[in-house]
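The structure file protein-v4.cif is reproduced below (mmCIF, C-alpha atoms).
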```
data_run
loop_
_atom_site.label_atom_id
_atom_site.label_comp_id
_atom_site.auth_asym_id
_atom_site.auth_seq_id
_atom_site.Cartn_x
_atom_site.Cartn_y
_atom_site.Cartn_z
CA MET A 360 0.00 0.00 0.00
CA SER A 361 1.38 3.38 -0.96
CA VAL A 362 1.92 5.62 2.01
CA LYS A 363 1.37 9.36 1.63
CA PRO A 364 4.70 11.05 2.29
CA ALA A 365 4.64 13.63 5.02
CA GLY A 366 4.32 17.14 3.54
CA ASP A 367 4.37 15.89 -0.09
CA GLY A 368 0.63 15.54 -0.76
CA VAL A 369 -1.65 18.26 -2.16
CA TRP A 370 -5.37 18.10 -1.39
CA TRP A 371 -6.53 14.60 -2.37
CA TRP A 372 -3.31 13.69 -4.18
CA ALA A 373 -0.88 11.47 -2.32
CA ARG A 374 2.07 12.80 -4.34
CA ARG A 375 2.84 16.03 -6.13
CA ARG A 376 3.61 14.19 -9.35
CA SER A 377 0.07 12.79 -9.37
CA ALA A 378 -1.28 16.33 -9.14
CA VAL A 379 0.98 17.44 -12.00
CA LEU A 380 -0.19 14.51 -14.16
CA ASP A 381 -3.87 15.22 -13.53
CA VAL A 382 -3.45 18.92 -14.26
CA ALA A 383 -1.63 18.12 -17.51
CA LEU A 384 -4.39 15.70 -18.58
CA ALA A 385 -7.02 18.31 -17.66
CA VAL A 386 -5.25 20.93 -19.82
CA VAL A 387 -5.05 18.58 -22.82
CA SER A 388 -8.68 17.51 -22.41
CA GLY A 389 -9.81 21.11 -21.86
CA LEU A 390 -8.09 22.26 -25.07
CA GLU A 391 -9.61 19.37 -27.01
CA CYS A 392 -13.12 20.08 -25.65
CA ALA A 393 -12.74 23.84 -26.27
CA PHE A 394 -11.66 23.37 -29.91
CA GLY A 395 -14.38 20.76 -30.40
CA ALA A 396 -17.06 23.09 -29.02
CA HIS A 397 -15.76 25.93 -31.20
CA GLY A 398 -15.87 23.74 -34.30
CA LEU A 399 -19.38 22.52 -33.49
CA VAL A 400 -20.74 26.05 -33.03
CA ARG A 401 -18.94 27.47 -36.06
CA ASP A 402 -19.66 24.74 -38.61
CA ARG A 403 -23.09 23.50 -37.62
CA LEU A 404 -24.96 25.96 -35.47
CA GLN A 405 -23.61 29.23 -36.89
CA TRP A 406 -24.10 31.14 -33.63
CA GLY A 407 -22.73 34.58 -32.87
CA LEU A 408 -19.52 35.47 -31.08
CA GLY A 409 -20.99 35.57 -27.56
CA PRO A 410 -22.60 32.10 -27.58
CA THR A 411 -19.48 30.73 -29.23
CA VAL A 412 -17.28 32.01 -26.40
CA VAL A 413 -19.68 30.52 -23.86
CA CYS A 414 -19.56 27.10 -25.56
CA VAL A 415 -15.75 27.21 -25.71
CA VAL A 416 -15.54 28.06 -22.00
CA LEU A 417 -17.97 25.25 -21.12
CA GLY A 418 -15.96 22.82 -23.19
CA ALA A 419 -12.74 23.86 -21.45
CA LEU A 420 -14.40 23.42 -18.04
CA ALA A 421 -15.68 19.99 -19.09
CA GLY A 422 -12.18 18.87 -20.00
CA ALA A 423 -10.84 20.37 -16.79
CA SER A 424 -13.09 18.00 -14.79
CA LEU A 425 -10.23 15.48 -15.00
CA VAL A 426 -8.61 17.39 -12.15
CA VAL A 427 -11.03 15.72 -9.73
CA ARG A 428 -10.87 12.24 -11.30
CA ARG A 429 -9.08 10.70 -8.29
CA ARG A 430 -11.40 12.27 -5.73
CA TRP A 431 -14.75 11.87 -7.55
CA PRO A 432 -14.13 9.48 -10.48
CA VAL A 433 -17.75 9.42 -11.59
CA VAL A 434 -17.88 13.20 -12.26
CA PRO A 435 -15.65 13.31 -15.37
CA VAL A 436 -17.41 10.19 -16.73
CA VAL A 437 -20.83 11.87 -16.53
CA VAL A 438 -19.42 15.06 -18.07
CA ALA A 439 -17.90 13.05 -20.92
CA LEU A 440 -21.19 11.28 -21.57
CA VAL A 441 -22.86 14.69 -21.91
CA PHE A 442 -20.32 16.07 -24.38
CA VAL A 443 -19.45 12.99 -26.48
CA PRO A 444 -22.58 13.28 -28.66
CA GLY A 445 -21.17 16.66 -29.75
CA PHE A 446 -18.26 14.78 -31.41
CA PHE A 447 -15.61 15.97 -28.93
CA GLY A 448 -14.28 14.96 -25.49
CA VAL A 449 -12.53 11.74 -26.57
CA VAL A 450 -9.57 12.27 -24.19
CA LEU A 451 -11.99 13.08 -21.39
CA LEU A 452 -14.02 9.91 -22.04
CA VAL A 453 -11.04 7.55 -22.29
CA VAL A 454 -9.20 8.86 -19.21
CA SER A 455 -12.34 9.10 -17.06
CA LEU A 456 -13.47 5.53 -17.88
CA TYR A 457 -9.99 4.22 -17.10
CA THR A 458 -9.96 6.07 -13.78
CA LEU A 459 -13.45 4.84 -12.89
CA ALA A 460 -12.50 1.20 -13.43
CA ALA A 461 -9.08 1.49 -11.78
CA THR A 462 -9.98 3.40 -8.63
CA TRP A 463 -13.36 2.00 -7.66
CA GLU A 464 -13.50 -1.22 -5.71
CA TRP A 465 -14.28 -4.26 -7.83
CA PRO A 466 -16.74 -6.03 -7.52
CA SER A 467 -18.38 -3.84 -4.83
CA ARG A 468 -19.06 -1.10 -7.44
CA ARG A 469 -19.49 -3.51 -10.34
CA ALA A 470 -22.97 -2.30 -11.32
CA ARG A 471 -21.97 1.36 -11.69
CA VAL A 472 -18.90 0.57 -13.74
CA ILE A 473 -20.91 -1.69 -16.06
CA VAL A 474 -23.76 0.79 -16.51
CA LEU A 475 -21.56 3.81 -17.20
CA SER A 476 -19.26 1.92 -19.58
CA ALA A 477 -22.30 0.48 -21.40
CA VAL A 478 -23.80 3.93 -21.82
CA ALA A 479 -20.45 5.20 -23.14
CA MET A 480 -20.29 2.35 -25.68
CA VAL A 481 -23.83 2.98 -26.88
CA GLU A 482 -23.22 6.73 -27.25
CA THR A 483 -19.93 6.17 -29.05
CA PHE A 484 -21.50 3.60 -31.37
CA GLY A 485 -24.40 5.91 -32.17
CA MET A 486 -22.10 8.91 -32.68
CA VAL A 487 -19.91 7.00 -35.16
CA MET A 488 -22.89 5.58 -37.06
CA LEU A 489 -24.46 9.04 -37.24
CA ALA A 490 -21.23 10.57 -38.50
CA MET A 491 -20.80 7.93 -41.23
CA THR A 492 -24.42 7.91 -42.42
CA ALA A 493 -25.18 11.64 -42.17
CA PRO A 494 -25.98 13.16 -45.61
CA SER A 495 -23.30 15.40 -47.03
CA GLU A 496 -23.87 18.56 -49.04
CA ALA A 497 -21.24 17.53 -51.58
CA PRO A 498 -22.15 14.74 -53.99
CA PRO A 499 -20.56 11.43 -52.92
CA SER A 500 -17.65 10.34 -55.06
CA GLU A 501 -18.39 6.69 -54.43
CA PRO A 502 -21.28 4.79 -52.80
CA LEU A 503 -21.38 4.06 -49.06
CA PRO A 504 -20.47 0.58 -47.82
CA PRO A 505 -23.28 -1.75 -46.69
CA GLY A 506 -24.92 -1.08 -43.33
CA TRP A 507 -23.37 -4.06 -41.58
CA VAL A 508 -19.90 -2.83 -42.53
CA LEU A 509 -20.66 0.54 -40.99
CA ALA A 510 -21.99 -1.20 -37.86
CA VAL A 511 -18.78 -3.24 -37.55
CA ILE A 512 -16.64 -0.13 -37.93
CA ALA A 513 -18.74 1.73 -35.35
CA GLY A 514 -18.49 -1.26 -32.99
CA PHE A 515 -14.70 -1.30 -33.24
CA VAL A 516 -14.55 2.42 -32.53
CA ALA A 517 -16.92 2.04 -29.55
CA VAL A 518 -14.88 -0.83 -28.13
CA GLY A 519 -11.67 1.14 -28.53
CA MET A 520 -13.05 4.28 -26.91
CA ALA A 521 -15.17 2.76 -24.12
CA LEU A 522 -14.37 -0.89 -23.46
CA ALA A 523 -10.58 -0.80 -23.82
CA PRO A 524 -10.09 1.90 -21.11
CA VAL A 525 -12.42 0.01 -18.75
CA VAL A 526 -10.59 -3.29 -19.20
CA THR A 527 -7.22 -1.57 -18.80
CA GLY A 528 -8.45 0.21 -15.67
CA LEU A 529 -9.76 -3.03 -14.17
CA TYR A 530 -6.41 -4.72 -14.79
CA VAL A 531 -4.40 -1.86 -13.29
CA GLY A 532 -6.75 -1.64 -10.28
CA ALA A 533 -6.55 -5.40 -9.65
CA ARG A 534 -2.77 -5.31 -9.94
CA ARG A 535 -2.59 -2.34 -7.57
CA ARG A 536 -4.76 -4.11 -5.01
CA LEU A 537 -2.64 -7.24 -5.36
CA VAL A 538 0.52 -5.25 -4.69
CA GLU A 539 -1.12 -3.61 -1.67
CA SER A 540 -2.21 -7.01 -0.37
CA LEU A 541 1.27 -8.46 -0.81
CA THR A 542 2.78 -5.40 0.88
CA ASP A 543 0.41 -5.74 3.83
CA ARG A 544 1.21 -9.43 4.06
CA ALA A 545 4.94 -8.71 3.96
CA GLN A 546 4.53 -6.13 6.72
CA GLY A 547 2.48 -8.64 8.72
CA LEU A 548 5.18 -11.27 8.27
CA GLU A 549 7.84 -8.77 9.29
CA THR A 550 5.86 -7.94 12.41
CA GLU A 551 5.39 -11.63 13.13
CA LEU A 552 9.10 -12.30 12.67
CA THR A 553 9.87 -9.44 15.03
CA LEU A 554 7.53 -10.93 17.64
CA LEU A 555 9.08 -14.37 17.14
CA ALA A 556 12.56 -12.88 17.55
CA GLU A 557 11.47 -11.17 20.77
CA GLN A 558 9.95 -14.42 22.02
CA ALA A 559 13.16 -16.27 21.13
CA ARG A 560 15.22 -13.71 23.04
CA GLU A 561 12.84 -14.01 25.98
CA ARG A 562 13.08 -17.81 25.90
CA ALA A 563 16.87 -17.59 25.72
CA TRP A 564 16.90 -15.20 28.67
CA ARG A 565 14.60 -17.52 30.59
CA ALA A 566 16.78 -20.52 29.75
CA ARG A 567 19.87 -18.68 30.96
CA ALA A 568 18.09 -17.68 34.16
CA GLU A 569 16.98 -21.28 34.75
CA GLU A 570 20.49 -22.54 34.07
CA ARG A 571 21.95 -19.99 36.50
CA THR A 572 19.40 -21.06 39.10
CA ARG A 573 20.22 -24.73 38.55
CA ILE A 574 23.95 -24.11 38.84
CA ALA A 575 23.46 -22.00 41.97
CA ARG A 576 21.36 -24.81 43.45
CA GLU A 577 24.04 -27.38 42.68
CA MET A 578 26.74 -25.18 44.16
CA HIS A 579 24.67 -24.71 47.30
CA ASP A 580 24.01 -28.42 47.66
CA VAL A 581 27.67 -29.30 47.24
CA VAL A 582 29.17 -26.55 49.36
CA ALA A 583 26.61 -26.38 52.15
CA HIS A 584 26.63 -30.05 53.13
CA ARG A 585 30.32 -30.80 52.66
CA VAL A 586 31.55 -27.61 54.28
CA SER A 587 29.09 -28.01 57.15
CA LEU A 588 30.55 -31.44 57.85
CA MET A 589 34.06 -30.00 57.67
CA VAL A 590 33.18 -27.24 60.16
CA VAL A 591 31.58 -29.75 62.55
CA HIS A 592 34.63 -32.04 62.35
CA ALA A 593 36.98 -29.09 62.83
CA ALA A 594 35.09 -28.03 65.96
CA ALA A 595 35.28 -31.60 67.26
CA VAL A 596 39.01 -31.76 66.59
CA GLU A 597 39.50 -28.53 68.48
CA ARG A 598 37.73 -29.98 71.51
CA ILE A 599 39.25 -33.45 71.62
CA VAL A 600 42.88 -32.81 70.68
CA PRO A 601 44.04 -32.54 74.33
CA LYS A 602 41.95 -35.52 75.43
CA ASP A 603 42.06 -38.05 72.61
CA PRO A 604 44.71 -37.41 69.93
CA VAL A 605 43.82 -40.64 68.05
CA LYS A 606 40.19 -39.63 67.61
CA ALA A 607 41.29 -36.13 66.68
CA GLN A 608 43.48 -37.65 63.98
CA GLN A 609 40.50 -39.60 62.62
CA SER A 610 38.39 -36.45 62.56
CA ALA A 611 41.15 -34.58 60.72
CA LYS A 612 41.30 -37.40 58.17
CA LEU A 613 37.53 -37.14 57.69
CA ILE A 614 37.87 -33.40 57.15
CA GLY A 615 40.38 -34.04 54.39
CA GLU A 616 38.19 -36.67 52.72
CA THR A 617 35.12 -34.44 52.91
CA GLY A 618 37.06 -31.52 51.47
CA ARG A 619 38.33 -33.66 48.59
CA GLN A 620 34.79 -34.84 47.84
CA ALA A 621 33.57 -31.24 47.82
CA LEU A 622 36.40 -30.24 45.47
CA ASP A 623 35.63 -33.15 43.11
CA GLU A 624 31.97 -32.17 42.88
CA LEU A 625 32.87 -28.51 42.38
CA ARG A 626 35.26 -29.48 39.58
CA GLU A 627 32.46 -31.39 37.86
CA ILE A 628 30.16 -28.37 38.04
CA LEU A 629 32.86 -25.96 36.83
CA GLY A 630 33.70 -28.40 34.04
CA VAL A 631 30.12 -28.18 32.83
CA LEU A 632 30.36 -24.38 32.86
CA ARG A 633 33.49 -24.46 30.71
CA MET A 634 31.89 -26.61 28.01
CA THR A 635 30.74 -24.30 25.21
CA GLU A 636 28.60 -26.81 23.28
CA PRO A 637 27.76 -29.85 25.37
CA LYS A 638 26.14 -32.64 23.41
CA GLU A 639 23.91 -33.54 26.34
CA PRO A 640 22.90 -31.80 29.55
CA VAL A 641 25.45 -32.77 32.19
CA GLU A 642 24.70 -32.91 35.89
CA ALA A 643 27.28 -33.00 38.61
CA PRO A 644 27.41 -36.62 39.80
CA VAL A 645 25.46 -37.06 43.00
CA GLY A 646 24.28 -40.12 44.85
CA GLY A 647 20.99 -41.91 44.52
CA LEU A 648 18.71 -43.67 46.97
CA GLY A 649 21.21 -46.50 47.30
CA GLU A 650 23.85 -44.12 48.72
CA LEU A 651 21.72 -42.69 51.51
CA PRO A 652 23.35 -45.00 54.11
CA ASP A 653 26.77 -43.51 53.28
CA LEU A 654 25.35 -39.99 53.52
CA VAL A 655 23.82 -40.76 56.94
CA GLU A 656 27.05 -42.38 58.11
CA GLN A 657 29.00 -39.20 57.30
CA SER A 658 26.74 -37.21 59.62
CA ARG A 659 26.93 -39.91 62.28
CA VAL A 660 30.75 -39.80 62.20
CA ALA A 661 30.51 -36.01 62.61
CA GLY A 662 28.80 -36.59 65.96
CA MET A 663 25.15 -36.43 64.99
CA ALA A 664 22.73 -38.93 66.53
CA VAL A 665 21.07 -39.97 63.29
CA ALA A 666 19.16 -43.13 62.37
CA LEU A 667 18.09 -44.35 58.91
CA THR A 668 14.89 -46.34 58.40
CA VAL A 669 14.05 -47.99 55.07
CA SER A 670 10.63 -49.49 54.43
CA GLY A 671 8.93 -51.04 51.44
CA GLU A 672 10.25 -52.94 48.46
CA ARG A 673 13.25 -51.34 46.79
CA ARG A 674 12.40 -49.90 43.36
CA ALA A 675 14.57 -48.01 40.92
CA TYR A 676 13.62 -44.51 39.81
CA VAL A 677 14.92 -42.27 37.06
CA ALA A 678 18.27 -40.63 37.82
CA GLU A 679 16.81 -37.14 38.30
CA ALA A 680 14.29 -38.43 40.85
CA GLU A 681 16.89 -40.36 42.84
CA GLN A 682 19.26 -37.40 42.81
CA THR A 683 16.47 -35.10 44.01
CA ALA A 684 15.58 -37.45 46.88
CA TYR A 685 19.28 -37.64 47.80
CA ARG A 686 19.52 -33.84 47.81
CA VAL A 687 16.44 -33.53 50.05
CA VAL A 688 18.01 -35.79 52.65
CA GLN A 689 21.34 -34.01 52.30
CA GLU A 690 19.68 -30.61 52.83
CA GLY A 691 17.78 -31.90 55.84
CA LEU A 692 20.97 -33.21 57.46
CA THR A 693 22.78 -29.96 56.68
CA ASN A 694 20.02 -27.93 58.34
CA ALA A 695 20.17 -30.23 61.36
CA HIS A 696 23.92 -29.60 61.63
CA LYS A 697 23.33 -25.85 61.41
CA HIS A 698 20.30 -25.37 63.65
CA ALA A 699 19.84 -28.48 65.79
CA GLY A 700 23.19 -29.34 67.32
CA GLY A 701 22.88 -32.28 69.70
CA ALA A 702 19.36 -33.22 68.56
CA ARG A 703 18.40 -36.72 67.47
CA VAL A 704 17.68 -37.00 63.76
CA ALA A 705 15.59 -39.63 61.99
CA VAL A 706 15.90 -40.23 58.24
CA LEU A 707 13.10 -42.18 56.57
CA LEU A 708 13.14 -43.75 53.12
CA ALA A 709 9.79 -45.36 52.30
CA TYR A 710 8.78 -47.03 49.04
CA VAL A 711 5.00 -46.47 49.01
CA PRO A 712 2.41 -47.36 46.33
CA ASN A 713 2.14 -43.77 45.08
CA GLY A 714 5.89 -43.23 44.83
CA VAL A 715 8.83 -42.81 47.18
CA ARG A 716 8.91 -40.71 50.37
CA VAL A 717 12.00 -39.31 52.05
CA SER A 718 11.98 -37.31 55.26
CA VAL A 719 14.45 -35.89 57.76
CA VAL A 720 13.05 -35.15 61.24
CA ASN A 721 15.06 -33.75 64.13
CA ASP A 722 14.02 -33.41 67.75
CA CYS A 723 14.22 -30.27 69.79
CA PRO A 724 17.90 -29.22 69.97
CA GLY A 725 19.64 -30.05 73.26
CA GLY A 726 22.04 -32.47 74.86
CA ALA A 727 25.68 -32.20 75.67
CA ALA A 728 26.83 -31.46 72.17
CA VAL A 729 28.16 -28.01 71.53
CA SER A 730 26.34 -26.12 68.81
CA VAL A 731 28.55 -24.98 65.95
CA ALA A 732 27.74 -21.62 64.36
CA LEU A 733 27.25 -22.17 60.64
CA PRO A 734 26.16 -19.50 58.14
CA SER A 735 22.87 -19.96 56.31
CA GLY A 736 21.82 -18.44 53.01
CA GLY A 737 18.16 -19.41 53.33
CA ASN A 738 18.02 -20.84 49.78
CA GLY A 739 18.43 -24.55 50.43
CA LEU A 740 14.79 -25.38 51.18
CA VAL A 741 13.64 -23.12 48.35
CA GLY A 742 15.83 -25.01 45.91
CA MET A 743 14.60 -28.37 47.20
CA ARG A 744 10.99 -27.28 46.78
CA GLU A 745 11.67 -26.20 43.19
CA ARG A 746 13.36 -29.51 42.38
CA VAL A 747 10.54 -31.64 43.80
CA LEU A 748 7.69 -29.61 42.31
CA ALA A 749 9.39 -29.64 38.90
CA LEU A 750 9.13 -33.45 38.97
CA GLY A 751 5.46 -33.35 39.93
CA GLY A 752 6.01 -34.30 43.58
CA SER A 753 5.09 -32.67 46.87
CA PHE A 754 7.37 -30.99 49.39
CA HIS A 755 6.91 -29.91 53.00
CA ALA A 756 9.27 -28.26 55.44
CA GLY A 757 8.29 -26.86 58.81
CA PRO A 758 8.21 -27.30 62.60
CA ALA A 759 7.14 -30.69 63.99
CA ASP A 760 6.80 -31.57 67.72
CA GLY A 761 9.36 -29.03 68.84
CA GLY A 762 11.78 -29.98 66.10
CA PHE A 763 11.79 -29.64 62.33
CA ARG A 764 10.64 -31.88 59.45
CA VAL A 765 11.72 -31.91 55.81
CA GLU A 766 9.71 -34.31 53.65
CA ALA A 767 9.30 -34.95 49.94
CA VAL A 768 7.19 -37.42 47.96
CA LEU A 769 8.08 -38.21 44.35
CA PRO A 770 5.38 -39.77 42.12
CA SER A 771 5.44 -43.37 40.97
CA ARG A 772 5.43 -42.34 37.29
CA LEU A 773 9.14 -41.57 37.69
CA ARG A 774 9.80 -45.23 38.43
CA LEU A 775 11.96 -47.15 35.95
CA PRO A 776 10.23 -50.09 34.24
CA GLU A 777 11.18 -53.45 35.63
CA VAL A 778 13.13 -55.64 33.25
CA PRO A 779 11.74 -59.21 33.29
CA LEU A 780 14.23 -61.97 33.90
CA ALA A 781 15.00 -64.17 30.92
#
```
Take the structure in the file and give it back as structure tokens.
Amino acid sequence: MSVKPAGDGVWWWARRRSAVLDVALAVVSGLECAFGAHGLVRDRLQWGLGPTVVCVVLGALAGASLVVRRRWPVVPVVVALVFVPGFFGVVLLVVSLYTLAATWEWPSRRARVIVLSAVAMVETFGMVMLAMTAPSEAPPSEPLPPGWVLAVIAGFVAVGMALAPVVTGLYVGARRRLVESLTDRAQGLETELTLLAEQARERAWRARAEERTRIAREMHDVVAHRVSLMVVHAAAVERIVPKDPVKAQQSAKLIGETGRQALDELREILGVLRMTEPKEPVEAPVGGLGELPDLVEQSRVAGMAVALTVSGERRAYVAEAEQTAYRVVQEGLTNAHKHAGGARVAVLLAYVPNGVRVSVVNDCPGGAAVSVALPSGGNGLVGMRERVLALGGSFHAGPADGGFRVEAVLPSRLRLPEVPLA
């Protein structure tokens, strides 16, 4: 669709060159109509000078009606139909019929275009027939052709003057509308591509944010639990060195092993960050449900009174589900180290019909154990909740009988299919 340039249009013209073209056509048509009116009055009517001037002026104004052909296309057509029987206004008729067919919507204005073009053809046909059959004052040098020949000639002239401009105008108008439609479609596609690009950028931003959150969660899980154990062991070493050097040596050895495990897991996570184009998503290796006894034993060695209870028939779950259950227990034990020094802790792993349940419950803190001050970021339980809910499970963390409970249930649909024995 052509867009009117700012400050370039004049009145109803979208461009100055269109105004110049219409004015030029109006001048040519006005001159033709003026000379035609002058010839008609002089040769046939033999009027005086005053009426002749009036007819010439009217003819010039009739031709000048082409100035408004873009704004009111039917006006020059009607004017041409009035003046064509006077044997002038051919330019006016041809241009106005072309404009009428090209600028009016087709087929919404089909009836008007057909009626006006039909009237123009009939007038043109009658004008040509009248001109060829009118008696002449001079004796004819040779006889007139048969009537059907004159009718064919008049028909050709009528088609050329009335039908040809209409057909040309219809073609140009249809082509113009097609170009406008294609332009609108191209603009729509460009807008759609822009929206798709914005959506792609938003998805990429969201993916980066989710990846940052996942990495932060992994870093928290690795650092919080391992370093908490190291701090607890270090506090124990500080207390027992004067009393029991052998046990202090064992605790120092455990600190070293725990630190090495933390470093290994951190290296795995950092290795994933350094990979520019990983073929598959890589997770830092963490334990599954089968490694919960080792995880509980680490806390027991650190001085925590912790017991593990397993119930139900052992079933295998997908790796992400087992890792999530392992992380829930790990986070629960870490929180017990931080906030419930000296409390008894119970870890439950239950294979139930609707899935697998893991829980970590600690009693009210107390006892002879010395509480170790450990920093807390407050994001561990939030990360656990996100992990469990992402898998379609349920998560609960809150006070329970003076202590604290962390519990998660993962659905049975995450269970691996059992392979039948051969």
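When the PyMOL selection byres ((chain A and resi 390) around 10) is run on the displayed coordinates, the residues it returns are Leu384, Ala385, Val386, Val387, Ser388, Gly389, Glu391, Cys392, Ala393, Phe394, Gly395, Ala396, Val415, Val416, Gly418, Ala419, Leu420, Ala421, Gly422, Ala423 and Gly448 of chain A.
One finds CA of Val717 (chain A) at 5.7 Å from CA of Glu766 (chain A).
Taking CA of Thr553 (chain A) and CA of Arg567 (chain A) as the two end points, the separation is 21.0 Å.
Closest approach to Phe515 (chain A) from the set A:Tyr710, A:Phe442, A:Tyr530, A:Phe484 is made by A:Phe484, with distances taken over all atoms listed in the file.
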Please provide the set of residues having any atom within 9 Å of Met589 (chain A), restricted to only C-alpha atoms, with same-chain residues fewer than 4 positions apart removed, written as a list in words. His584, Arg585, Ala593, Ala594, Ala611, Leu613, Ile614, Gly615, Thr617, Gly618 and Ala661 of chain A
Counting all atoms listed in the file, which residue out of A:Val765, A:Val427, A:Ala461, A:Ala439 sits closest to Glu690 (chain A)? A:Val765
Residue with smallest distance to Ser476 (chain A) - pool A:Ala568, A:Val669, A:Ala607, A:Ala517, counting all atoms listed in the file: A:Ala517
How would you write, as a VMD selection string, the residues chosen by the PyMOL selection byres ((chain A and resi 647-658) around 9) on this structure? chain A and resid 588 613 617 645 to 646 659 to 667 675 to 676 678 to 686 688 to 689 692 to 693 696 706 708
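Applied to the file shown here, the PyMOL selection byres ((chain A and resi 440) around 8) selects the residues Val436, Val437, Val438, Ala439, Val441, Phe442, Val443, Pro444, Leu452, Val478, Ala479 and Glu482 of chain A.
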To one decimal place, how far is CA of Leu625 (chain A) from CA of Arg576 (chain A) in Å? 12.1 Å
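Distance check against Val768 (chain A) using all atoms listed in the file: of A:Ala510, A:Val741, A:Leu707, A:Cys723, the minimum falls on A:Leu707.
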Nearest to Ala699 (chain A): which of A:Val720, A:Leu541, A:Leu475, A:Met488 is it, counting only C-alpha atoms? A:Val720
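If you measure from each of A:Val412, A:Leu740, A:Val433, A:Val600 to Ala756 (chain A) using only C-alpha atoms, the closest one turns out to be A:Leu740.
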Box dimensions and centre (Å, one decimal) enclosing region 508-521 of chain A, axis-aligned, 3 Å extra per side, as lines of an AutoDock Vina configuration file:
```
center_x = -16.8
center_y = 0.5
center_z = -33.3
size_x = 16.3
size_y = 13.5
size_z = 24.4
```
